[in-house]
Amino acid sequence: NKFILKMTSDEWTEMSTGEGKPMYAKFLGTWCPGSTMKPLTGAIGLTTGKLSTKDEFRYSGLAWKRDNWTDYEITTLTSYEGRKNLRNALIYSDNIYFAQATLQIGEEAFTDGLDKLMFNQDIGFVFSTSL
């Protein structure tokens, strides 16, 4: 409502530079894409045939580590009952499911799928960080 009803200079300064930087255009920085990649990962898996809606992974808890990984583990924020399938993984934004799905899809199929979605291509216009 402050944008509509008017805000003071101090309020704008706090909003644009305050803790968490709520007005910062995060897509311009070096931020992890996070959950926005989950539906893309699912789509790549489905279109390549490397993943199906019936596939389920087996794990429990909020952390998982592949057997041959030493120090790196995948964590997720929400533990849930039920099948660890694509539908539930999207509903619960399940990092562990999508890590396992990406491993099942494989590096080549995954990167080819990203290329088909126009990753690593020039988008033809410039983003500005100035307000």
# chains A, B, ... in the order shown; residues from 1 in each chain; ligands from 1
$ residues_around --residues "Met15 of chain A" --least-positions-apart "6" --cutoff "12 Å" --atoms "only C-alpha atoms" --output "list of chain:residue names"
A:Lys2, A:Phe3, A:Met7, A:Thr8, A:Ser9, A:Lys21, A:Pro22, A:Met23, A:Tyr24
$ residues_around --residues "Thr76 of chain A" --least-positions-apart "5" --cutoff "12 Å" --atoms "only C-alpha atoms" --output "MDAnalysis selection string"
chainID A and resid 34:35 59:65 89 92:99
$ select_by_dssp --residues "chain A" --states "strand (DSSP E)" --output "PyMOL selection string"
chain A and resi 63-64+74-75
$ write_last_selection --atoms "all heavy atoms" --output "CSV table (one decimal), in the first residue's frame"
chain,number,residue,atom,x,y,z
A,63,ALA,N,17.4,-35.0,5.3
A,63,ALA,CA,18.7,-35.0,4.7
A,63,ALA,C,18.9,-36.4,4.0
A,63,ALA,O,18.5,-37.4,4.4
A,63,ALA,CB,19.8,-34.7,5.7
A,64,TRP,N,19.7,-36.3,2.9
A,64,TRP,CA,20.1,-37.5,2.1
A,64,TRP,C,21.4,-37.3,1.5
A,64,TRP,O,21.8,-36.2,1.1
A,64,TRP,CB,19.0,-37.8,1.0
A,64,TRP,CG,19.5,-38.8,0.1
A,64,TRP,CD1,19.4,-40.2,0.2
A,64,TRP,CD2,20.0,-38.6,-1.2
A,64,TRP,NE1,19.8,-40.8,-0.9
A,64,TRP,CE2,20.3,-39.9,-1.8
A,64,TRP,CE3,20.4,-37.5,-2.0
A,64,TRP,CZ2,20.8,-40.1,-3.0
A,64,TRP,CZ3,20.9,-37.7,-3.2
A,64,TRP,CH2,21.1,-38.9,-3.8
A,74,ILE,N,22.1,-33.5,0.6
A,74,ILE,CA,21.0,-32.7,0.2
A,74,ILE,C,20.0,-32.6,1.3
A,74,ILE,O,19.7,-33.6,2.0
A,74,ILE,CB,20.3,-33.4,-1.0
A,74,ILE,CG1,21.3,-33.7,-2.2
A,74,ILE,CG2,19.1,-32.6,-1.5
A,74,ILE,CD1,21.9,-32.5,-2.8
A,75,THR,N,19.5,-31.4,1.6
A,75,THR,CA,18.5,-31.3,2.6
A,75,THR,C,17.3,-30.7,2.0
A,75,THR,O,17.3,-30.1,0.9
A,75,THR,CB,19.0,-30.3,3.7
A,75,THR,OG1,19.3,-29.0,3.1
A,75,THR,CG2,20.3,-30.8,4.4
$ select_by_dssp --residues "chain A" --states "alpha helix (DSSP H)" --output "PyMOL selection string"
chain A and resi 2-5+9-17+37-48+86-91+95-105+107-116
$ write_last_selection --atoms "C-alpha atoms" --output "short mmCIF file (atom, residue, chain, number, x, y, z; two decimals), in the first residue's frame"
data_model
loop_
_atom_site.label_atom_id
_atom_site.label_comp_id
_atom_site.auth_asym_id
_atom_site.auth_seq_id
_atom_site.Cartn_x
_atom_site.Cartn_y
_atom_site.Cartn_z
CA LYS A 2 2.93 2.34 0.56
CA PHE A 3 3.61 2.45 -3.18
CA ILE A 4 0.04 3.57 -3.84
CA LEU A 5 -0.51 5.84 -0.85
CA SER A 9 12.28 9.05 1.51
CA ASP A 10 13.27 7.29 4.70
CA GLU A 11 10.70 4.54 4.09
CA TRP A 12 11.96 4.08 0.52
CA THR A 13 15.58 3.93 1.70
CA GLU A 14 14.70 1.29 4.28
CA MET A 15 12.73 -0.71 1.73
CA SER A 16 15.39 -0.52 -0.98
CA THR A 17 18.48 -1.05 1.19
CA MET A 37 14.25 -25.43 -11.33
CA LYS A 38 12.05 -28.17 -9.86
CA PRO A 39 9.26 -28.09 -12.46
CA LEU A 40 11.87 -27.74 -15.21
CA THR A 41 13.70 -30.79 -13.87
CA GLY A 42 10.44 -32.73 -13.83
CA ALA A 43 9.61 -31.64 -17.38
CA ILE A 44 13.05 -32.63 -18.64
CA GLY A 45 12.76 -36.02 -16.96
CA LEU A 46 9.31 -36.65 -18.40
CA THR A 47 10.11 -35.50 -21.94
CA THR A 48 13.33 -37.52 -22.11
CA LEU A 86 6.87 -36.20 -8.81
CA ARG A 87 3.45 -34.98 -7.72
CA ASN A 88 4.30 -34.88 -4.01
CA ALA A 89 7.79 -33.54 -4.69
CA LEU A 90 6.27 -30.55 -6.48
CA ILE A 91 3.66 -30.03 -3.75
CA ASN A 95 14.93 -30.96 -2.75
CA ILE A 96 15.89 -34.58 -2.10
CA TYR A 97 13.47 -35.95 -4.69
CA PHE A 98 14.71 -33.54 -7.35
CA ALA A 99 18.36 -34.29 -6.57
CA GLN A 100 17.66 -37.98 -7.04
CA ALA A 101 15.56 -37.30 -10.15
CA THR A 102 18.40 -35.28 -11.69
CA LEU A 103 20.83 -38.12 -11.00
CA GLN A 104 18.40 -40.53 -12.67
CA ILE A 105 17.98 -38.24 -15.68
CA GLU A 107 24.04 -35.14 -16.90
CA GLU A 108 23.81 -35.33 -20.69
CA ALA A 109 20.01 -35.60 -20.88
CA PHE A 110 19.61 -32.89 -18.24
CA THR A 111 21.92 -30.38 -19.92
CA ASP A 112 20.40 -31.16 -23.34
CA GLY A 113 16.98 -30.50 -21.83
CA LEU A 114 18.17 -27.17 -20.40
CA ASP A 115 19.56 -26.23 -23.81
CA LYS A 116 16.14 -26.93 -25.37
#
$ atom_distance --atom1 "atom CA of Gly49 of chain A" --atom2 "atom CA of Asn85 of chain A"
15.1 Å
$ closest_residue --among "A:Gly18, A:Lys6, A:Leu51, A:Met118" --to "Gly106 of chain A" --atoms "only C-alpha atoms"
A:Leu51
$ closest_residue --among "A:Thr36, A:Lys84, A:Gly124, A:Asp67" --to "Lys54 of chain A" --atoms "only C-alpha atoms"
A:Lys84
$ atom_distance --atom1 "atom CA of Arg83 of chain A" --atom2 "atom CA of Glu56 of chain A"
6.6 Å
